[in-house]
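The block underneath contains the structure these notes are about, expressed in structure tokens.
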Amino acid sequence: MIIHNDRQELQKALQYVEEELKKYNLNRREATMTMLMAEESLVCMMSHTEEQEKIEIVFKKLFGNISLSISARGEAFNVSEESVLIGDMDFEGVSGDAEAAIRNLIIRSQSDIFQYKNRLHQNTIRLVVKRSERMQLYLTLGAMLLAVILGIIFKLSLPVSAQNMLNEYLLTPVKVMFLNALKMIVGPVVFFSIVTCLSQFDSIRDLGKIGLKVMGMYLCTTLLAVTIGIGVFELIQPGDASLSQYVTDAASKTIETAGNTNISLLDTVVNIVPSNIVKPFLEADMLQIIFIAIICGAAVGMIGDYSKGLKTLFESFNILFLKITTLIVKFIPLAVLCSMTSLVMLTGTETLLAIMSFFGTFVLALAVMLLAYCVLVFMIARLNPIILLKKHASAMMASFSLASSNAAMPFNIKSCHRLGISSRISSFSIPLGATVNMDGSCIYMAVAGLFLAKVFGVDMGGSELFSMVFSIIVLSIGAPGIPGAGLVCLSVLLTQIGVPAEALSLVMGIDSLLGMFRTAVNSAGDVAVSLIVAKSENLLDVEKYNS
């Protein structure tokens with residue numbers, strides 16, 4: 001729309017903005033704030049544009065982002081000083097200085113959605129009407145596509161020495177810094193999230209009831225995941241003995257780490273209780289951090305008058321660390337770009353082609369697991385699972401990008417909020433699930449274990465399968481909190497079923513890609529279980545879920 005710099009045109013412009021806003025699915029707050037900002041922007045623009053000069057108003061929608069642009073020719077001005085410049089505007093019942101101060105306050109308070117620039121004597125004010133929750137998804141997908149292209153170009157055009165140098169001095173450092181930032185924040189996020197949740201319960205009995213339901217559902221889905229992994233493998237039967245020629249000694253470091261990993265169920269349970277309250281945070285031992293959080297959360301409600309202040313303190317820290325996490329994950333596209341470029345550039349073509357059948361089997365098993373979640377939601381919670389998939393899609397993509405269940409917790413908690421799940425459930429079930437509910441990892445270990453056993457001619461009879469299932473369940477619960485934990489667990493599993501641990505080198509090249517897929521399924525499992533438990537406890541806003 002184009003208007004002239006005339007005060008009589010102001011109402012016409014505002015009416016146009018209001019009509020356009022009705023076309024978009026905005027909530028009341030977004031629409032009201034946009035109208036306020038649009039009016040202030042138009043008044044501001046008119047005061048710096050010659051009379052009868054044209055002012056252009058344009059709405060734009062791109063990848064779900066909606067913005068409003070107001071532009072006109074004129075001299076540059078300083079938005080922060082507009083209290084002086086617009087003070088002489090005449091508005092009924094309000095003095096010029098008072099109104100100018102109010103306008104200035106509105107613009108300053110909304111600086112995150114207000115942008116101003118002057119280029120070639122053209123003033124432009126841009127208002128962000130609505131930010132798409134899927135913008136991060138689009139950026140990440142774009143980064144993945146660009147990474148594949150760059151990886152192929154570097155692989156074909158650069159010598160091996162240059163590829164290794166690029167990977168060592170650019171791609172790997174960026175990826176490591178990003179992962180370190182995520183590991184830094186995981187412990188506090190888990191701890192304060194659980195403490196904040198548990199402090200809301202009035203009695204230990206209510207907590208115990210919900211805790212048993214959540215843990216019981218997690219164990220059921222874990223067993224279901226292992227069964228699906230084995231079933232899909234037996235259906236497709238990927239792999240043959242010829243693949244053994246691609247085995248290298250690249251897995252030596254992982255094998256060495258796996259030698260120190262214990263899969264004893266008794267030791268896993270005993271080690272949940274730490275001997276030092278600080279050490280679990282230093283080592284990112286999630287089971288021990290969860291134990292400390294449960295004890296602290298339960299104790300907060302038992303200390304009388306002090307509990308109110310502590311609840312506020314813990315909730316403040318919880319909001320703080322979740323906000324820090326959202327700041328860190330803004331760099332997901334950059335981390336994905338570096339990680340995927342390195343993967344495509346350095347992985348051998350022969351190895352990639354050789355294990356495509358394994359990759360296809362693994363992805364099919366994950367798809368079956370997602371279908372199983374839908375069936376559970378429909379059969380137990382009596383809810384439409386399609387709504388779950390639609391509302392959780394962006395969080396699944398974030399989990400895919402992060403390749404870390406712990407780092408994806410803020411996205412999963414936000415997804416639970418969109419689905420109408422009470423924070424009394426999600427603040428407990430999501431951090432717990434990020435540690436003990438590893439359905440994607442269980443499928444990975446089942447399919448990869450059987451695949452490598454077939455490659456090396458290891459017979460997997462009934463007793464061997466039972467032993468493998470037990471090992472997978474224990475490993476999924478007590479997986480070591482270290483980089484490449486999936487490979488370490490798989491290495492331990494291979495030793496248990498009699499497959500040479502060096503066979504790990506067959507899947508090492510694409511493990512980072514496989515990790516993205518299994519983390520996305522882990523995320524879906526955590527939210528599906530939270531949904532089912534919330535429905536059973538009447539802690540689900542069904543109207544919000546169906547909206």
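Just remember, in the structure tokens the first chain shown is A, the second B, etc., residues are 1-based per chain, and ligands are 1-based in the order shown.
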Residues near Phe77 of chain A, cut-off 9 Å, only C-alpha atoms, skip fewer than 6 positions along chain, as a ChimeraX atom specification: /A:48,118,123
Shell of 10 Å around segment 150-157 of chain A, only C-alpha atoms, local chain residues under 6 positions omitted, as a list in words: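 Non-adjacent residues within range: Met144, Gln163, Leu166, Leu337, Cys338, Met340, Thr341, Ser342, Leu343, Val344, Met345, Leu346, Thr347 and Gly348 of chain A.
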Quick one: write out the picked residues with N, CA and C atoms as a PDB file, in the first residue's frame?
```pdb
ATOM      1  N   MET A 144      22.474 -28.402   5.963  1.00  0.00           N
ATOM      2  CA  MET A 144      22.763 -29.794   5.599  1.00  0.00           C
ATOM      3  C   MET A 144      22.959 -29.930   4.094  1.00  0.00           C
ATOM      4  N   GLN A 163      42.373 -31.674   2.627  1.00  0.00           N
ATOM      5  CA  GLN A 163      41.123 -32.063   3.279  1.00  0.00           C
ATOM      6  C   GLN A 163      41.332 -32.251   4.777  1.00  0.00           C
ATOM      7  N   LEU A 166      41.883 -28.843   6.460  1.00  0.00           N
ATOM      8  CA  LEU A 166      40.620 -28.114   6.581  1.00  0.00           C
ATOM      9  C   LEU A 166      39.771 -28.680   7.713  1.00  0.00           C
ATOM     10  N   LEU A 337      26.619 -27.605   9.557  1.00  0.00           N
ATOM     11  CA  LEU A 337      27.380 -27.362   8.325  1.00  0.00           C
ATOM     12  C   LEU A 337      28.784 -27.949   8.428  1.00  0.00           C
ATOM     13  N   CYS A 338      29.466 -27.672   9.525  1.00  0.00           N
ATOM     14  CA  CYS A 338      30.835 -28.169   9.707  1.00  0.00           C
ATOM     15  C   CYS A 338      30.864 -29.686   9.865  1.00  0.00           C
ATOM     16  N   MET A 340      28.592 -32.050   8.918  1.00  0.00           N
ATOM     17  CA  MET A 340      28.200 -32.784   7.714  1.00  0.00           C
ATOM     18  C   MET A 340      29.239 -32.639   6.600  1.00  0.00           C
ATOM     19  N   THR A 341      29.825 -31.454   6.491  1.00  0.00           N
ATOM     20  CA  THR A 341      30.877 -31.259   5.484  1.00  0.00           C
ATOM     21  C   THR A 341      32.042 -32.196   5.741  1.00  0.00           C
ATOM     22  N   SER A 342      32.437 -32.313   7.013  1.00  0.00           N
ATOM     23  CA  SER A 342      33.519 -33.214   7.393  1.00  0.00           C
ATOM     24  C   SER A 342      33.166 -34.661   7.082  1.00  0.00           C
ATOM     25  N   LEU A 343      31.918 -35.043   7.385  1.00  0.00           N
ATOM     26  CA  LEU A 343      31.470 -36.416   7.143  1.00  0.00           C
ATOM     27  C   LEU A 343      31.539 -36.772   5.667  1.00  0.00           C
ATOM     28  N   VAL A 344      30.954 -35.915   4.819  1.00  0.00           N
ATOM     29  CA  VAL A 344      30.906 -36.196   3.374  1.00  0.00           C
ATOM     30  C   VAL A 344      32.300 -36.164   2.767  1.00  0.00           C
ATOM     31  N   MET A 345      33.135 -35.235   3.238  1.00  0.00           N
ATOM     32  CA  MET A 345      34.459 -35.048   2.652  1.00  0.00           C
ATOM     33  C   MET A 345      35.413 -36.202   2.981  1.00  0.00           C
ATOM     34  N   LEU A 346      35.329 -36.737   4.200  1.00  0.00           N
ATOM     35  CA  LEU A 346      36.331 -37.702   4.660  1.00  0.00           C
ATOM     36  C   LEU A 346      35.908 -39.162   4.566  1.00  0.00           C
ATOM     37  N   THR A 347      34.612 -39.432   4.479  1.00  0.00           N
ATOM     38  CA  THR A 347      34.159 -40.821   4.445  1.00  0.00           C
ATOM     39  C   THR A 347      34.402 -41.423   3.067  1.00  0.00           C
ATOM     40  N   GLY A 348      34.987 -42.610   3.046  1.00  0.00           N
ATOM     41  CA  GLY A 348      35.289 -43.278   1.779  1.00  0.00           C
ATOM     42  C   GLY A 348      34.032 -43.698   1.036  1.00  0.00           C
TER      43      GLY A 348
END
```
Residue list (strand (DSSP E or B), DSSP) for segment 102-196 of chain A, as a count of residues only: 15
Filtered DSSP result for segment 121-325 of chain A, state alpha helix (DSSP H), as a ChimeraX atom specification: /A:135-157,160-166,172-198,204-236,252-258,265-270,279-283,286-300,306-325
Gap from atom CA of Gly440 of chain A to atom CA of Val474 of chain A - Å, one decimal: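 Taking atom CA of Gly440 of chain A as the start and atom CA of Val474 of chain A as the end point, the length is 14.4 Å.
One distance worth recording is that between atom CA of Tyr306 of chain A and atom CA of Phe192 of chain A, which is 17.4 Å.
Nearest-residue note for Leu531 of chain A: choosing from A:Ser491, A:Ser426, A:Thr519, A:Thr361, the minimum distance belongs to A:Ser426, counting only C-alpha atoms.
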Residue with smallest distance to Pro238 of chain A - pool A:Leu419, A:Ala31, A:Met369, A:Met356, counting only C-alpha atoms: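 With only C-alpha atoms as the atom set, the closest residue is A:Met356.
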Do you have, as CSV, the list of residues of segment 441-532 of chain A lying at most 12 Å from segment 393-408 of chain A, each with its nearest atom pair and that distance in Å to one decimal, counting only C-alpha atoms and ordered by chain then number?
```
residue,atom,partner,partner_atom,distance
A:Ser441,CA,A:Ser405,CA,10.6
A:Gly481,CA,A:Asn406,CA,10.1
A:Ile482,CA,A:Ser404,CA,11.1
A:Pro483,CA,A:Ser404,CA,9.8
A:Gly484,CA,A:Ser404,CA,10.3
A:Ala485,CA,A:Ser404,CA,10.4
A:Gly486,CA,A:Ser404,CA,10.7
A:Asp511,CA,A:Ala403,CA,10.4
A:Ser512,CA,A:Ala403,CA,7.7
A:Leu513,CA,A:Ala403,CA,8.4
A:Leu514,CA,A:Ala403,CA,8.8
A:Gly515,CA,A:Ala403,CA,5.5
A:Met516,CA,A:Phe400,CA,4.4
A:Phe517,CA,A:Phe400,CA,5.9
A:Arg518,CA,A:Phe400,CA,7.9
A:Thr519,CA,A:Ala403,CA,5.4
A:Ala520,CA,A:Phe400,CA,4.8
A:Val521,CA,A:Met396,CA,7.5
A:Asn522,CA,A:Ser405,CA,6.8
A:Ser523,CA,A:Met396,CA,6.2
A:Ala524,CA,A:Met396,CA,6.6
A:Gly525,CA,A:Met396,CA,10.2
A:Asp526,CA,A:Ser405,CA,9.5
A:Val527,CA,A:Ala395,CA,9.9
A:Ala528,CA,A:Met396,CA,11.9
```
Emit the selected residues as a PDB file, in the first residue's frame, including N, CA and C atoms.
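That gives us part28.pdb:
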```pdb
ATOM      1  N   SER A 441      18.608 -45.253  20.221  1.00  0.00           N
ATOM      2  CA  SER A 441      19.901 -45.888  20.462  1.00  0.00           C
ATOM      3  C   SER A 441      19.755 -47.398  20.610  1.00  0.00           C
ATOM      4  N   GLY A 481      28.398 -40.726  29.812  1.00  0.00           N
ATOM      5  CA  GLY A 481      28.180 -39.360  29.352  1.00  0.00           C
ATOM      6  C   GLY A 481      29.402 -38.771  28.689  1.00  0.00           C
ATOM      7  N   ILE A 482      29.800 -39.338  27.554  1.00  0.00           N
ATOM      8  CA  ILE A 482      31.008 -38.907  26.846  1.00  0.00           C
ATOM      9  C   ILE A 482      30.681 -38.758  25.367  1.00  0.00           C
ATOM     10  N   PRO A 483      31.491 -37.986  24.614  1.00  0.00           N
ATOM     11  CA  PRO A 483      31.263 -37.884  23.169  1.00  0.00           C
ATOM     12  C   PRO A 483      31.359 -39.262  22.513  1.00  0.00           C
ATOM     13  N   GLY A 484      30.457 -39.543  21.575  1.00  0.00           N
ATOM     14  CA  GLY A 484      30.464 -40.826  20.892  1.00  0.00           C
ATOM     15  C   GLY A 484      30.004 -41.964  21.781  1.00  0.00           C
ATOM     16  N   ALA A 485      29.104 -41.667  22.748  1.00  0.00           N
ATOM     17  CA  ALA A 485      28.647 -42.699  23.678  1.00  0.00           C
ATOM     18  C   ALA A 485      27.976 -43.859  22.939  1.00  0.00           C
ATOM     19  N   GLY A 486      27.292 -43.555  21.817  1.00  0.00           N
ATOM     20  CA  GLY A 486      26.642 -44.613  21.053  1.00  0.00           C
ATOM     21  C   GLY A 486      27.641 -45.627  20.526  1.00  0.00           C
ATOM     22  N   ASP A 511      28.430 -42.621  11.785  1.00  0.00           N
ATOM     23  CA  ASP A 511      27.796 -42.644  13.102  1.00  0.00           C
ATOM     24  C   ASP A 511      27.193 -41.292  13.476  1.00  0.00           C
ATOM     25  N   SER A 512      27.839 -40.194  13.093  1.00  0.00           N
ATOM     26  CA  SER A 512      27.288 -38.879  13.429  1.00  0.00           C
ATOM     27  C   SER A 512      25.939 -38.662  12.750  1.00  0.00           C
ATOM     28  N   LEU A 513      25.790 -39.164  11.514  1.00  0.00           N
ATOM     29  CA  LEU A 513      24.514 -39.061  10.810  1.00  0.00           C
ATOM     30  C   LEU A 513      23.473 -39.965  11.468  1.00  0.00           C
ATOM     31  N   LEU A 514      23.879 -41.191  11.815  1.00  0.00           N
ATOM     32  CA  LEU A 514      22.975 -42.111  12.498  1.00  0.00           C
ATOM     33  C   LEU A 514      22.549 -41.541  13.845  1.00  0.00           C
ATOM     34  N   GLY A 515      23.480 -40.837  14.508  1.00  0.00           N
ATOM     35  CA  GLY A 515      23.170 -40.230  15.798  1.00  0.00           C
ATOM     36  C   GLY A 515      22.067 -39.195  15.700  1.00  0.00           C
ATOM     37  N   MET A 516      22.030 -38.479  14.591  1.00  0.00           N
ATOM     38  CA  MET A 516      20.963 -37.494  14.392  1.00  0.00           C
ATOM     39  C   MET A 516      19.603 -38.181  14.309  1.00  0.00           C
ATOM     40  N   PHE A 517      19.541 -39.264  13.544  1.00  0.00           N
ATOM     41  CA  PHE A 517      18.275 -39.990  13.389  1.00  0.00           C
ATOM     42  C   PHE A 517      17.810 -40.586  14.718  1.00  0.00           C
ATOM     43  N   ARG A 518      18.712 -41.243  15.444  1.00  0.00           N
ATOM     44  CA  ARG A 518      18.280 -41.895  16.684  1.00  0.00           C
ATOM     45  C   ARG A 518      17.901 -40.879  17.760  1.00  0.00           C
ATOM     46  N   THR A 519      18.534 -39.692  17.750  1.00  0.00           N
ATOM     47  CA  THR A 519      18.170 -38.669  18.724  1.00  0.00           C
ATOM     48  C   THR A 519      16.774 -38.132  18.445  1.00  0.00           C
ATOM     49  N   ALA A 520      16.418 -37.986  17.178  1.00  0.00           N
ATOM     50  CA  ALA A 520      15.074 -37.521  16.819  1.00  0.00           C
ATOM     51  C   ALA A 520      14.012 -38.481  17.347  1.00  0.00           C
ATOM     52  N   VAL A 521      14.289 -39.792  17.243  1.00  0.00           N
ATOM     53  CA  VAL A 521      13.335 -40.787  17.754  1.00  0.00           C
ATOM     54  C   VAL A 521      13.326 -40.781  19.281  1.00  0.00           C
ATOM     55  N   ASN A 522      14.484 -40.611  19.907  1.00  0.00           N
ATOM     56  CA  ASN A 522      14.523 -40.485  21.363  1.00  0.00           C
ATOM     57  C   ASN A 522      13.616 -39.342  21.818  1.00  0.00           C
ATOM     58  N   SER A 523      13.693 -38.230  21.104  1.00  0.00           N
ATOM     59  CA  SER A 523      12.887 -37.050  21.422  1.00  0.00           C
ATOM     60  C   SER A 523      11.399 -37.361  21.315  1.00  0.00           C
ATOM     61  N   ALA A 524      11.008 -38.016  20.232  1.00  0.00           N
ATOM     62  CA  ALA A 524       9.591 -38.366  20.043  1.00  0.00           C
ATOM     63  C   ALA A 524       9.106 -39.298  21.145  1.00  0.00           C
ATOM     64  N   GLY A 525       9.963 -40.233  21.556  1.00  0.00           N
ATOM     65  CA  GLY A 525       9.587 -41.163  22.628  1.00  0.00           C
ATOM     66  C   GLY A 525       9.365 -40.462  23.953  1.00  0.00           C
ATOM     67  N   ASP A 526      10.241 -39.517  24.282  1.00  0.00           N
ATOM     68  CA  ASP A 526      10.098 -38.774  25.542  1.00  0.00           C
ATOM     69  C   ASP A 526       8.774 -38.013  25.583  1.00  0.00           C
ATOM     70  N   VAL A 527       8.438 -37.343  24.485  1.00  0.00           N
ATOM     71  CA  VAL A 527       7.210 -36.538  24.447  1.00  0.00           C
ATOM     72  C   VAL A 527       5.976 -37.430  24.406  1.00  0.00           C
ATOM     73  N   ALA A 528       6.037 -38.543  23.678  1.00  0.00           N
ATOM     74  CA  ALA A 528       4.894 -39.459  23.609  1.00  0.00           C
ATOM     75  C   ALA A 528       4.569 -40.030  24.983  1.00  0.00           C
TER      76      ALA A 528
END
```
Atom pair atom CA of Ser530 of chain A / atom CA of Lys183 of chain A: separation (Å):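 For atom CA of Ser530 of chain A relative to atom CA of Lys183 of chain A, the distance reads 24.2 Å.
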Nearest to Val542 of chain A, chosen from A:Met468, A:Ala381, A:Ala76, A:Arg7, with only C-alpha atoms counted in the distances: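 The answer is A:Ala381, which sits nearest to Val542 of chain A.
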Contacts of Leu376 of chain A within 10 Å, only C-alpha atoms, excl. fewer than 3 positions in-chain, as a list in words: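 So, after excluding close chain neighbours, the residues are Thr221, Leu370, Leu371, Ala372, Tyr373, Met379, Ile380, Ala381, Arg382, Leu383, Pro385, Ala528, Val529 and Ile532 of chain A.
Using only C-alpha atoms, the nearest neighbour of Ala181 of chain A within the list A:Leu388, A:Ile303, A:Ile328, A:Leu450 is A:Ile328.
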Exercise: Val469 of chain A partners within 10 Å, only C-alpha atoms, chain neighbours under 6 positions left out, as a list in words: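 Residues near the query, excluding close chain neighbours: Leu223, Val226, Thr227, Ile230, Cys442, Met445, Ala446, Ser463, Leu475 and Leu493 of chain A.
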Nearest-residue call for Ile386 of chain A, choices A:Asn546, A:Val269, A:Met460, A:Ile430, using only C-alpha atoms: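 Of the candidates, the smallest distance to Ile386 of chain A is held by A:Asn546.
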